[in-house]
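Engineer: Sharing a structure with you now.
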Amino acid sequence: MIKIKDLWKSYNDHHVLKGINLEIKTGETIVILGRSGVGKSVLLRHIMGIEKADSGSIEIEGVNISSLKGFALFRAVNEVGMLFQASALFDSMTVEENTAFYHSQHPDPREGRVLTKAERHERVQAALAMVGLEGTEEIMPSDLSGGMRKRAALARLIVYHPKVLLYDEPTTGLDPITAMSINDLIVKTQRELNATSIVVTHDICSTLHIADRIAVIHEGELIHFTTKKEFLTIKDPLVQAFLKNSIPEGVVNERPI
Ligand SMILES: Nc1ncnc2c1ncn2[C@@H]1O[C@H](COP(=O)(O)OP(=O)(O)OP(=O)(O)O)[C@@H](O)[C@H]1O
Ligand SMILES: [Mg+2]
């Protein structure tokens, strides 16, 4: 369970998060929707423990990470992994080195020890197979397509089996078919790792495909948090706009000649 209680965050005089309350069940996938700049990435950075709130708290599996620092914080968020908005692969490393990076720096969280070279290799192979990137071990990130970069970033994330997965716009910039394959991977990863997943996206098709529940943030506040079914019946013009924008006008209305 992740419990976010009355979370406030400002940068100088700019109030970004204004008392966010959100409870996410273990194993659940929630999608966060909101206009550009409302603080979605800021919220994810707080859950990852890389940003400190002005007030309020975040509890992950019973541990309040807001009051922790240093090694205690590192241990509490050790099993929280994030797929960053821009993939953030290391450009000077091959796909294999990128995927092996976590284990080259840290003990395995479950085993509580540094993995041997053979074990690391096995984990990397399993992660690459899971995202369908077998055979790309020696390729540099700059030689990958956009969809493959996202897959490689996902492999680097799931290699250590985090319990909480945060995805920041995982399908942005991808064509619809590649985007759908990433959505399928998000669902598959959630099932195989029984992970709690929080996905930030602007893509309503992705949302309806992967979400158990949908949260909408507007002007720093959580204004809706509902099941998918209920979401489709919300009369709020903001939600209607999200739904409407998913269908291009030209497809709906016949164009004048
Ligand atoms: N470190 C920072 N210093 C100052 N302002 C920041 C910082 N990080 C975020 N902000 C501001 O907080 C607001 C929310 O940013 P955030 O990146 O969370 O938006 P977002 O909802 O993820 O938008 P997008 O959908 O475009 O990615 C923005 O106005 C941004 O400029
Ligand atoms: Mg963002």
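How things are named: the first chain in the structure tokens is A, the next is B, and so on; residues count from 1 in each chain; ligands count from 1 in the order shown.
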For stretch 42-51 of chain A, please output as a list in words all residues within 8 Å (counting only C-alpha atoms; exclusion window: fewer than 4 positions along the same chain).

Structural biologist: Leu17, Ile58, Ile65, Ser66, Leu73, Val77, Val80, Gly81, Met82, Leu166 and Asp168 of chain A

Engineer: Around ligand 2, which protein and nucleic acid residues have at least one atom no more than 7 Å from it, if we count only C-alpha atoms and all ligand atoms? List them as JSON, numbers by chain.

Structural biologist: {"A": [36, 37, 39, 40, 41, 85, 168]}

Engineer: Give me the residues within 12 Å of A:Ile223 as number ranges by chain, counting only C-alpha atoms and dropping any in the same chain fewer than 6 places off.

Structural biologist: A: 18-22, 32-34, 214-217, 231, 234, 236, 238-239

Engineer: For ligand 1, which of A:Thr94, A:Ser145, A:Thr116, A:Thr201 is the closest residue, counting only C-alpha atoms and all ligand atoms?

Structural biologist: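 Closest to ligand 1 of all the choices is A:Thr201.
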
Engineer: Here is a test: counting only C-alpha atoms and all ligand atoms, which residue of A:Leu144, A:Val200, A:Ala179, A:Leu128 is nearest to ligand 1?

Structural biologist: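 Between A:Leu144, A:Val200, A:Ala179, A:Leu128, the residue approaching ligand 1 most closely is A:Val200.
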
Engineer: Env of A:Leu165: 9 Å cut, atoms = only C-alpha atoms, seq-sep filter 5 positions within chain, self excluded. Answer as an NGL selection string.

Structural biologist: :A and (79-83 or 157-158 or 190 or 195-199)

Engineer: Return the single residue from A:Glu28, A:Glu122, A:Asp175, A:Asp6 that is closest to A:Gly56, with distances computed using only C-alpha atoms.

Structural biologist: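 Result for the nearest residue to A:Gly56: A:Asp6.
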
Engineer: With distances taken over only C-alpha atoms, which residue among A:Val164, A:Leu232, A:Leu133, A:Val16 lies nearest A:Thr29?

Structural biologist: A:Val164

Engineer: Record the distance separating atom CA of A:Ala211 and atom 23 (O, counted along the ligand's line) of ligand 1, expressed in Å with one decimal.

Structural biologist: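 Atom-to-atom, atom CA of A:Ala211 to atom 23 (O, counted along the ligand's line) of ligand 1, that is 19.5 Å.
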
Engineer: Just checking: using only C-alpha atoms and all ligand atoms, which residue out of A:Asn78, A:Ser10, A:Ser181, A:Thr233 ends up closest to ligand 1?

Structural biologist: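 Counting only C-alpha atoms and all ligand atoms, the residue closest to ligand 1 is A:Ser10.
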
Engineer: For a test of reading the model, state the distance in Å between atom CA of A:Ala153 and atom CA of A:Thr99, rounded to one decimal.

Structural biologist: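 Atom CA of A:Thr99 lies at a distance of 7.7 Å from atom CA of A:Ala153.
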